[in-house]
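Everything on this sheet refers to the single structure shown next.
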Amino acid sequence: MTKMAGKQIIVEALKKEGVEVIFGYPGGAIIDIYDALAKDGSIKHVLVRHEQGAAHAADGYARATGRVGVCLVTSGPGATNAVTGIATANMDSIPIVVLTGQVPTALIGNDAFQEVDIVGITRPCTKHNYLVKNVKDLPRILKEAFYVAKSGRPGPVLVDIPKDVQNAVTDFNYPETITLRSYDPVKEPHIKQIEKACRQMEESKKPVLYVGGGVISSGAHEELRALAEEINCPVTTTLMGISGFPGTHPQNLGMLGMHGTYCANMAMANTDLIIAIGARFDDRVTGKIEAFAPHAKIIHVDVDPTSIQKNVRVDIPIVGDCKLTLAKMLKCLKDNGSKPEAWQAKHQAWWEQLRAWEKRHPLTYKKDPNIIKPQYVIERLYEMTKGRAIITTEVGQNQMWTAQFYKFDQPRTFLTSGGLGTMGYGLPAAIGAQMAFPDKLVIDMAGDGSIQMNIQELATAMQEKLPIKIVILNNQFLGMVRQWQELFYEKRYVATDFEFTPDFIKIAEAYGAKGIRATNPDDVDKVLKEGLEYPGLAIMEFVIAREEGVFPMIPAGKAHTEMLLV
Amino acid sequence: MRHTLSILLENSPGALSRVAGLFSGRGFNIESLCVASTLDSTLSHMTLVTIGDDAIIDQIIKQLNRLVDVYKVTDVSQDEFVEREMALIKVNAAESETRSEVLRICEIFRCKIVDVTAKTYTLEVTGPESKLKAVIDLLLPIGIKELVRTGTIAMQREQKNT
């Protein structure tokens, strides 16, 4: 057994966990770990420009790869700056490990320089967190941190490491495996529940598969597709579920909920069986809870028992991994003599109804030859990039239009802050994704408001020579809030009209990137083409119709049948 | 409905705060909370009394189980159980009539006098919450100077036929 200092133990542990890249920002309380990282030299470090960016980049890396993202920040403000990123990962169940420096143990509690109780601050927004008080505990805690982050319902884990612990020496022995008596997530679904669920599917005439982010985090997209096709069942995804089922699949009804498609929401209002897979019946999905899916029985599959029966009453709860559960459901149905023709016949009337809804109110917008419509930009971008892009988004209208008008066929290609709704997520997340996939096309879909929330990360992307493409849909408004003010506050546009907006082209140029702008619909293709073909980072700015809204829209607290349409 | 939860959790710094934070963060009630070590020094035992309908209690138990530090949660009030709470009550008793009344109450409820002065008695009372309430209600008109309660601890009764 070799003697090692805490800082070296951290580097060795990261290597044992297969970490290739970390995102961070140095400071006095973490400088020793940086020194050890540099001496070792085998882990790539990406220097962000603000610690929030580090947490989002680690999160984007995790979403794009399915592996644990790692970020490294100093004590005090370094740690508090990362909190928004940690909370974002927590709400969307994304596995990241955040290592924070801390003042020496002897100073903890003394209000030392750059001291903050980050373990206390992040307790409600991490899956778990640790303060390492003794270097002997460090290898075990690091092993646990990675295990807890990626197992069960994934989430962020923070490890706070005081400066003296980083330098204290101990025997290094990294555990190969770990079992925790107090933490043992259920993976295997209960077979009796699977059988009950299958009987229910066989009885249902109007089923809907309602699919969330759990399908992506458990890697269940193939099993989902197999089941949906076997039983000829329509599929609707949540925002987080997008890319979990192919966007171009004929059985995909699109997203549901507040800005979901007419067809998906009507399907929810009329279905007799909801098969919920890795989704959590969030308020943006259910709308008015008393009016939610009034005729439906509900099967709910989730790896996290707390998600089940939290917001709606569930008839058949199934705690288990989505991938395993879907595979077992399919097997159970086949063992029971499932015949494709029988399912086709049973659901024929339902599909006729669904197609009629699709036809009555397809996803659409009013076209205009004189002004750029944001939906048009996204449609054109989709036509030009089909299936080969990883798209990140900021939050607001840009996010919803992307969710509606871009079709994602491959899992882990749509990275968005769904639960927390963090503006400023898209650019750093794109950095994380591009670090993981240097050769893929990575695009950040942004608004003029949200891009400014972490615009400093342009420097990070330039330093790493990342060829990220940024699409800015510029309406000089904080668009989504403006839309609410238009619809529900008698057009009082309070604090949403950006009376000053910087010149994004000059910003691009100041960072040494390419900046191009389109102000006319005829220029959209040209600008997209030029931007996408540019070998480095490019900002493509589209000056769009200022008061374009996102529709359909279910006003907050209303029922699925109370949609506002285009 | 009032539920008494028995929680075994890792005896680690922050574990108590995780439980307390869960209740405040999610808007659950804590009626009383009692924590101490167990025979296994690596585990703490917590008795927590809360109020909520079945769906809320179900959610509370699931949320508690989700905490990495929580080893086991039992709703002891689901079955036959014993619960006890202790209170120390300092009562104003200066006149002889009051003094004998306090002693009478003390005897009826099998309380112990743990401290005496010329003007006060301090009673130690142990029992289920209902008994404490009864004693306090009787002593209130006489004049309670100070009251300290431990919060409830509880244990499931052993199955009789095994």
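Note on naming: chains are A, B, ... as they come in the structure tokens, residues start from 1 per chain, ligands start from 1 in the order shown.
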For this session: Compile the residues of chain B that lie within 8 Å of chain A, evaluated using only C-alpha atoms, and express the compilation as a PyMOL selection string.
Result: chain B and resi 9-10+18+21-22+25+55+59+62-63+66-72
Selection file, C-alpha atoms, as a tab-separated table (two decimals), in the first residue's frame:
chain	number	residue	atom	x	y	z
B	9	LEU	CA	-30.07	6.48	10.49
B	10	GLU	CA	-26.33	6.67	10.11
B	18	ARG	CA	-31.04	16.10	6.37
B	21	GLY	CA	-34.43	19.84	6.15
B	22	LEU	CA	-36.58	17.30	4.33
B	25	GLY	CA	-38.31	21.85	2.58
B	55	ALA	CA	-50.89	9.92	1.08
B	59	GLN	CA	-44.72	10.27	0.80
B	62	LYS	CA	-40.63	7.28	0.89
B	63	GLN	CA	-38.78	10.58	1.05
B	66	ARG	CA	-34.58	8.12	-0.21
B	67	LEU	CA	-32.08	9.89	2.03
B	68	VAL	CA	-28.75	8.13	1.69
B	69	ASP	CA	-28.18	8.30	5.47
B	70	VAL	CA	-31.50	6.70	6.42
B	71	TYR	CA	-31.23	2.99	7.10
B	72	LYS	CA	-34.77	2.03	8.08
For this session: Within chain B, find each residue whose DSSP state, derived from the backbone, is strand (DSSP E or B), and express the selection as a PyMOL selection string.
Result: chain B and resi 2-10+32-37+43-51+70-75+81-92+112-116+120-127+144-149+153-156
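Picture a line from CA of Gln166 in chain A to CA of Gly66 in chain A; it runs 28.9 Å.
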Problem set entry | Distance query range 139-144 of chain B at most 10 Å, only C-alpha atoms, self and fewer than 2 positions along chain excluded, as number ranges by chain | B: 89-93, 98-99, 101-102, 105-106, 120-122, 133-137, 146-147
For this session: Could you give me the residues within range 127-298 of chain A that DSSP places in alpha helix (DSSP H), as number ranges by chain?
Result: A: 138-150, 163-167, 191-203, 214-217, 221-230, 262-270, 283-286
Taking C-alpha atoms for each residue, export the selection above as a compact mmCIF listing (two decimals), in the first residue's frame.
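What landed in again_9.txt:
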# COMPACT_ATOMS: atom_id res chain seq x y z
CA LEU A 138 -11.33 10.19 1.49
CA PRO A 139 -10.98 7.10 -0.77
CA ARG A 140 -14.22 5.59 0.53
CA ILE A 141 -16.12 8.86 0.24
CA LEU A 142 -14.96 9.43 -3.34
CA LYS A 143 -15.99 5.89 -4.28
CA GLU A 144 -19.37 6.43 -2.63
CA ALA A 145 -19.79 9.80 -4.35
CA PHE A 146 -19.49 8.31 -7.82
CA TYR A 147 -21.62 5.31 -6.91
CA VAL A 148 -24.41 7.39 -5.39
CA ALA A 149 -24.32 9.91 -8.26
CA LYS A 150 -24.88 7.35 -11.01
CA LYS A 163 -7.22 22.23 2.61
CA ASP A 164 -5.43 20.33 5.39
CA VAL A 165 -7.16 17.12 4.36
CA GLN A 166 -5.90 17.66 0.80
CA ASN A 167 -2.36 17.67 2.17
CA ILE A 191 -42.98 -9.39 -11.53
CA LYS A 192 -46.56 -9.49 -10.19
CA GLN A 193 -46.87 -5.77 -10.89
CA ILE A 194 -45.56 -6.30 -14.43
CA GLU A 195 -48.19 -8.96 -15.00
CA LYS A 196 -50.91 -6.68 -13.68
CA ALA A 197 -49.69 -3.89 -15.96
CA CYS A 198 -49.74 -6.18 -18.98
CA ARG A 199 -53.32 -7.32 -18.24
CA GLN A 200 -54.26 -3.66 -18.07
CA MET A 201 -52.63 -2.99 -21.45
CA GLU A 202 -54.51 -5.89 -22.96
CA GLU A 203 -57.79 -4.46 -21.71
CA GLY A 214 -35.95 8.21 -16.86
CA VAL A 215 -36.01 6.46 -20.23
CA ILE A 216 -32.90 8.35 -21.27
CA SER A 217 -31.03 8.02 -18.00
CA HIS A 221 -34.97 3.88 -25.66
CA GLU A 222 -34.74 0.60 -27.59
CA GLU A 223 -36.91 -1.28 -25.11
CA LEU A 224 -39.43 1.56 -25.20
CA ARG A 225 -39.59 1.52 -28.96
CA ALA A 226 -39.98 -2.26 -29.02
CA LEU A 227 -42.87 -2.13 -26.55
CA ALA A 228 -44.59 0.81 -28.25
CA GLU A 229 -44.39 -0.91 -31.62
CA GLU A 230 -45.48 -4.27 -30.28
CA TYR A 262 -52.91 19.50 -29.28
CA CYS A 263 -52.97 15.81 -30.10
CA ALA A 264 -50.79 14.77 -27.15
CA ASN A 265 -52.86 16.77 -24.67
CA MET A 266 -56.16 15.58 -26.11
CA ALA A 267 -54.83 12.03 -25.92
CA MET A 268 -54.09 12.54 -22.21
CA ALA A 269 -57.55 13.99 -21.62
CA ASN A 270 -59.26 11.03 -23.30
CA ASP A 283 -47.23 20.47 -12.85
CA ARG A 284 -46.14 21.65 -16.30
CA VAL A 285 -47.32 18.26 -17.60
CA THR A 286 -50.53 17.69 -15.67
For this session: Rounded to one decimal place, report the CA of Asp409 in chain A-CA of Gly247 in chain A distance in Å.
Result: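 Between CA of Asp409 in chain A and CA of Gly247 in chain A the gap works out to 5.2 Å.
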For this session: Please indicate the distance in Å from CA of Gln463 in chain A to CA of Ile507 in chain A, rounded to one decimal place.
Result: 15.5 Å
For this session: Find the residues around Gly278 in chain A up to 7 Å (only C-alpha atoms counted), leave out those fewer than 6 positions away in its own chain, and share them as a PyMOL selection string.
Result: chain A and resi 211-215+301-302+322
For this session: Quick one: everything within 8 Å of Tyr425 in chain A, counting only C-alpha atoms, minus sequence neighbours fewer than 2 positions away in the same chain. Send it as a count of residues only.
Result: 13
Problem set entry | Residues within 8 Å of Cys111 in chain B, only C-alpha atoms, excluding chain neighbours under 5 positions, as a list in words |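 These residues fall inside the cut-off: Cys106, Leu123, Glu124, Val125 and Thr126 of chain B.
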Would you write out those residues with all heavy atoms, as a short mmCIF file (atom, residue, chain, number, x, y, z; two decimals), in the first residue's frame?
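Contents of selection_30.cif, freshly written:
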data_model
loop_
_atom_site.label_atom_id
_atom_site.label_comp_id
_atom_site.auth_asym_id
_atom_site.auth_seq_id
_atom_site.Cartn_x
_atom_site.Cartn_y
_atom_site.Cartn_z
N CYS B 106 -50.08 14.40 41.76
CA CYS B 106 -48.83 13.67 41.58
C CYS B 106 -49.02 12.18 41.89
O CYS B 106 -48.56 11.31 41.15
CB CYS B 106 -47.79 14.29 42.51
SG CYS B 106 -46.13 13.75 42.21
N LEU B 123 -42.13 18.28 39.16
CA LEU B 123 -42.63 16.92 38.97
C LEU B 123 -41.97 16.27 37.76
O LEU B 123 -41.72 16.95 36.76
CB LEU B 123 -44.14 16.95 38.69
CG LEU B 123 -45.11 17.09 39.84
CD1 LEU B 123 -44.92 18.44 40.53
CD2 LEU B 123 -46.54 16.98 39.31
N GLU B 124 -41.75 15.00 37.88
CA GLU B 124 -41.31 14.23 36.72
C GLU B 124 -42.47 13.33 36.35
O GLU B 124 -42.92 12.53 37.15
CB GLU B 124 -40.07 13.40 37.07
CG GLU B 124 -39.64 12.45 35.96
CD GLU B 124 -38.67 11.38 36.46
OE1 GLU B 124 -37.69 11.73 37.16
OE2 GLU B 124 -38.91 10.20 36.17
N VAL B 125 -42.95 13.47 35.12
CA VAL B 125 -44.08 12.63 34.70
C VAL B 125 -43.72 11.89 33.42
O VAL B 125 -43.13 12.46 32.51
CB VAL B 125 -45.38 13.47 34.55
CG1 VAL B 125 -45.16 14.69 33.71
CG2 VAL B 125 -46.51 12.63 33.96
N THR B 126 -44.05 10.62 33.41
CA THR B 126 -43.73 9.79 32.25
C THR B 126 -44.99 9.08 31.80
O THR B 126 -45.77 8.62 32.63
CB THR B 126 -42.67 8.72 32.60
OG1 THR B 126 -41.58 9.37 33.24
CG2 THR B 126 -42.20 8.00 31.36
#
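The shell of residues at most 9 Å from range 35-46 of chain B, with only C-alpha atoms counted and near chain neighbours (fewer than 3 positions) removed, consists of Leu5, Ser6, Ile7, Leu8, Leu9, Glu10, Asn11, Ser12, Leu16, Tyr71 and Ile153 of chain B.
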Exercise. For Met4 in chain A, which of A:Gln375, A:Ser218, A:Asn398, A:Thr170 is the closest residue, counting only C-alpha atoms?
Worked result: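 Looking at the shortest contact to Met4 in chain A, the residue is A:Thr170.
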